[in-house]
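> Below are the structure tokens for one structure; questions will follow.
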Amino acid sequence: MSRLLLLEDDHSLIYGLSFSFEKQGFDADIARTISEALDLWSKNKYELLILDVSLPDGSGFEFCRKVRENSDVPIIFLTASDEETSVIMGLDIGGDDYITKPFKLSILISRINALLRRTEKYNNQNIESNGIKIHLSESVAYKNGHALDLTSGEYKLLCLFMKNPDIVLSKDQILEKLWDINDNYIDNNSVTVYIRRLRVKIEDNPSHPKMIQTIRGLGYKWNVSC
């Protein structure tokens, strides 16, 4: 069940949206002011935000700016203004969609579902554990927010380990998944070399690795509990 945050001060609209969200299987929290929204945002995790622009204590644009300081959660603006400058501002500060009032509830629900699908697809393109995050769509790996300088082989090896957490992989399995086992230049010793080089780049102490563990007589394992 996706959890939404609705920032809106129109009681009749709140009632209609709440009923529609519940019918669609969404779990929605309601905030009628920016201060209420900030309080809810600080305490909960949401998959999508729906923000009115004109509010009793300010603008939904202000709340969007606060959210964008540390989150890329999808945001839809609801507003009575369809002026081009207002639309552009909403999108430029980090909004993902912009719907003008009055609108059909079915249209809003369709926009919400589209954004949630897009976000889910994007999130599935990332792998993360032990402070290491891989952006598969960009073929880039990060450690604690800093890009790692990996060769193609090291990157493929890291992806293999992180996609198979806590699973022991033998050298032969690694060879079969990452390289042509008939390649004369790749053998068990090459796997050992790649693992040693990868450890140097990702482990805090490569001499005593905690992420890529050697399982004696069996192979190697990506340890997600370190």
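Residues are named by chain letter and number: chains run A, B, ... in the order of the structure tokens, numbers start at 1 in each chain, and ligands are numbered from 1 in the order shown.
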What are the closest atom pairs, with distances in Å to one decimal, for each residue of segment 57-173 of chain A lying within 9 Å of segment 19-24 of chain A, using only C-alpha atoms, rows by chain and rising residue number, as JSON lines?

{"residue": "A:Leu105", "atom": "CA", "partner": "A:Ser20", "partner_atom": "CA", "distance": 7.4}
{"residue": "A:Ser106", "atom": "CA", "partner": "A:Ser20", "partner_atom": "CA", "distance": 8.8}
{"residue": "A:Ile109", "atom": "CA", "partner": "A:Phe21", "partner_atom": "CA", "distance": 8.0}
> Output the selection as an mmCIF file, in the first residue's frame - C-alpha atoms for each residue.

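Result written to out27.cif:
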data_model
loop_
_atom_site.group_PDB
_atom_site.id
_atom_site.type_symbol
_atom_site.label_atom_id
_atom_site.label_comp_id
_atom_site.auth_asym_id
_atom_site.auth_seq_id
_atom_site.Cartn_x
_atom_site.Cartn_y
_atom_site.Cartn_z
ATOM 1 C CA LEU A 105 -10.496 12.595 -9.729
ATOM 2 C CA SER A 106 -9.859 9.852 -12.294
ATOM 3 C CA ILE A 109 -5.478 8.975 -9.762
#
> Do a neighbour search on Val87 of chain A at 10 Å with only C-alpha atoms, toss out local chain neighbours closer than 4 positions, and write the hits as a list in words.
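Near neighbours after the sequence-gap exclusion: Phe77, Thr79, Ser81, Asp82, Glu83, Leu91, Asp92, Gly95, Asp97, Tyr98, Ile99 and Thr100 of chain A.
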> Could you give me, as a PyMOL selection string, each residue of segment 12-76 of chain A that DSSP assigns to strand (DSSP E or B) when run on this structure's backbone?
chain A and resi 27-31+48-52+54-55+58-59+75-76
> Taking 6 positions as the minimum chain separation for residues in the same chain, which residues sit within 12 Å of Lys156 of chain A when counting only C-alpha atoms? Answer as an MDAnalysis selection string.
chainID A and resid 134 136 139:141 150 162:163 174:175 177:179 191 194:195 198
> Can I get the selected residues back with N, CA and C atoms, as a short mmCIF file (atom, residue, chain, number, x, y, z; two decimals), in the first residue's frame?

data_model
loop_
_atom_site.label_atom_id
_atom_site.label_comp_id
_atom_site.auth_asym_id
_atom_site.auth_seq_id
_atom_site.Cartn_x
_atom_site.Cartn_y
_atom_site.Cartn_z
N ILE A 134 24.68 1.21 -5.95
CA ILE A 134 24.95 1.09 -7.38
C ILE A 134 23.77 1.65 -8.15
N LEU A 136 22.35 1.32 -11.41
CA LEU A 136 22.49 0.43 -12.55
C LEU A 136 22.28 1.15 -13.87
N SER A 139 25.51 2.81 -14.46
CA SER A 139 26.71 1.95 -14.31
C SER A 139 27.75 2.62 -13.43
N VAL A 140 27.28 3.21 -12.33
CA VAL A 140 28.18 3.88 -11.39
C VAL A 140 27.90 3.37 -9.98
N ALA A 141 28.97 3.14 -9.21
CA ALA A 141 28.84 2.71 -7.82
C ALA A 141 29.37 3.80 -6.90
N LEU A 150 35.98 2.27 -10.51
CA LEU A 150 36.06 0.84 -10.76
C LEU A 150 36.29 0.54 -12.23
N MET A 162 26.42 -7.90 -4.92
CA MET A 162 25.33 -7.17 -4.27
C MET A 162 23.95 -7.65 -4.71
N LYS A 163 23.87 -8.28 -5.89
CA LYS A 163 22.60 -8.86 -6.33
C LYS A 163 22.36 -10.23 -5.70
N ILE A 174 31.38 -17.48 -10.38
CA ILE A 174 31.72 -16.10 -10.74
C ILE A 174 32.22 -16.03 -12.17
N LEU A 175 33.06 -16.99 -12.55
CA LEU A 175 33.56 -17.04 -13.92
C LEU A 175 32.43 -17.20 -14.92
N LYS A 177 29.26 -16.43 -14.64
CA LYS A 177 28.32 -15.31 -14.69
C LYS A 177 28.93 -14.05 -15.29
N LEU A 178 30.23 -13.87 -15.13
CA LEU A 178 30.84 -12.60 -15.52
C LEU A 178 31.74 -12.68 -16.75
N TRP A 179 32.35 -13.82 -17.00
CA TRP A 179 33.29 -13.91 -18.11
C TRP A 179 33.06 -15.20 -18.91
N VAL A 191 40.05 -14.31 -10.89
CA VAL A 191 38.98 -13.99 -9.96
C VAL A 191 39.56 -13.50 -8.64
N TYR A 194 40.80 -9.95 -9.09
CA TYR A 194 39.70 -8.98 -9.16
C TYR A 194 39.10 -8.72 -7.78
N ILE A 195 38.93 -9.76 -7.01
CA ILE A 195 38.36 -9.61 -5.67
C ILE A 195 39.29 -8.80 -4.78
N LEU A 198 39.02 -5.20 -5.84
CA LEU A 198 37.74 -4.62 -5.45
C LEU A 198 37.71 -4.33 -3.96
#
> Let's see if you can do this: from backbone DSSP, list all alpha helix (DSSP H) residues in segment 149-224 of chain A, as a PyMOL selection string.
chain A and resi 152-163+171-178+188-202
> Report, in Å to a single decimal, how far apart atom CA of Asp29 of chain A and atom CA of Ser110 of chain A are.
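So the answer is 19.2 Å.
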> Please list as an MDAnalysis selection string every residue within 12 Å of Arg68 of chain A, counting only C-alpha atoms and excluding residues in the same chain fewer than 3 positions away.
chainID A and resid 41 49 61:65 71:75 91:96
> Extract, using only C-alpha atoms, all DNA, RNA and protein residues at most 9 Å from Ile50 of chain A, discarding same-chain residues fewer than 4 positions from it, and format them as a VMD selection string.
chain A and resid 4 to 8 74 to 78 112
> For the selection you just gave me, I'd like the residues written to a file as a short mmCIF file (atom, residue, chain, number, x, y, z; two decimals), in the first residue's frame, keeping N, CA and C atoms.

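Wrote result.cif, looks like this:
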data_model
loop_
_atom_site.label_atom_id
_atom_site.label_comp_id
_atom_site.auth_asym_id
_atom_site.auth_seq_id
_atom_site.Cartn_x
_atom_site.Cartn_y
_atom_site.Cartn_z
N LEU A 4 0.57 8.28 0.94
CA LEU A 4 0.59 9.60 0.34
C LEU A 4 0.43 10.67 1.40
N LEU A 5 0.94 11.86 1.11
CA LEU A 5 0.70 13.04 1.95
C LEU A 5 -0.02 14.07 1.11
N LEU A 6 -1.22 14.46 1.56
CA LEU A 6 -2.00 15.48 0.87
C LEU A 6 -1.96 16.77 1.69
N LEU A 7 -1.45 17.83 1.08
CA LEU A 7 -1.43 19.16 1.70
C LEU A 7 -2.49 20.00 1.01
N GLU A 8 -3.63 20.20 1.68
CA GLU A 8 -4.78 20.86 1.07
C GLU A 8 -5.66 21.44 2.18
N PRO A 74 8.23 11.78 -5.42
CA PRO A 74 7.40 12.43 -6.44
C PRO A 74 6.44 13.45 -5.83
N ILE A 75 6.26 14.58 -6.52
CA ILE A 75 5.40 15.66 -6.04
C ILE A 75 4.45 16.11 -7.14
N ILE A 76 3.16 16.17 -6.81
CA ILE A 76 2.15 16.71 -7.72
C ILE A 76 1.58 17.97 -7.09
N PHE A 77 1.54 19.05 -7.86
CA PHE A 77 0.93 20.29 -7.38
C PHE A 77 -0.53 20.36 -7.82
N LEU A 78 -1.39 20.82 -6.90
CA LEU A 78 -2.79 21.12 -7.20
C LEU A 78 -2.98 22.62 -7.02
N ILE A 112 -1.15 9.91 -10.39
CA ILE A 112 -0.49 9.34 -9.21
C ILE A 112 0.08 7.96 -9.54
#
> Mind giving me the straight-line distance from atom CA of Leu17 of chain A to atom CA of Leu108 of chain A in Å, one decimal?
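Interatomic distance here is 9.4 Å.
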> Name the residues in contact with Leu116 of chain A at a cut-off of 10 Å, using only C-alpha atoms, excluding same-chain residues fewer than 2 positions from it; report them as an MDAnalysis selection string.
chainID A and resid 2 47:48 73:74 110:114 118:122
> What does the distance from atom CA of Gly16 of chain A to atom CA of Leu51 of chain A come to in Å, to one decimal?
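The value is 15.3 Å.
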> So, with only C-alpha atoms as the atoms that count, which of A:Val168, A:Ile215, A:Ile132, A:Val53 lies closest to Ile34 of chain A?
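Using only C-alpha atoms, the shortest distance to Ile34 of chain A belongs to A:Val53.
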> A:Asp172, A:Asp204, A:Asp166, A:Asp149: which is nearest Lys221 of chain A, counting only C-alpha atoms?
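Nearest candidate to Lys221 of chain A out of A:Asp172, A:Asp204, A:Asp166, A:Asp149: A:Asp166.
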> Nearest residue to Asn130 of chain A out of A:Lys143, A:Arg199, A:Arg3, A:Lys171, using only C-alpha atoms?
A:Lys143
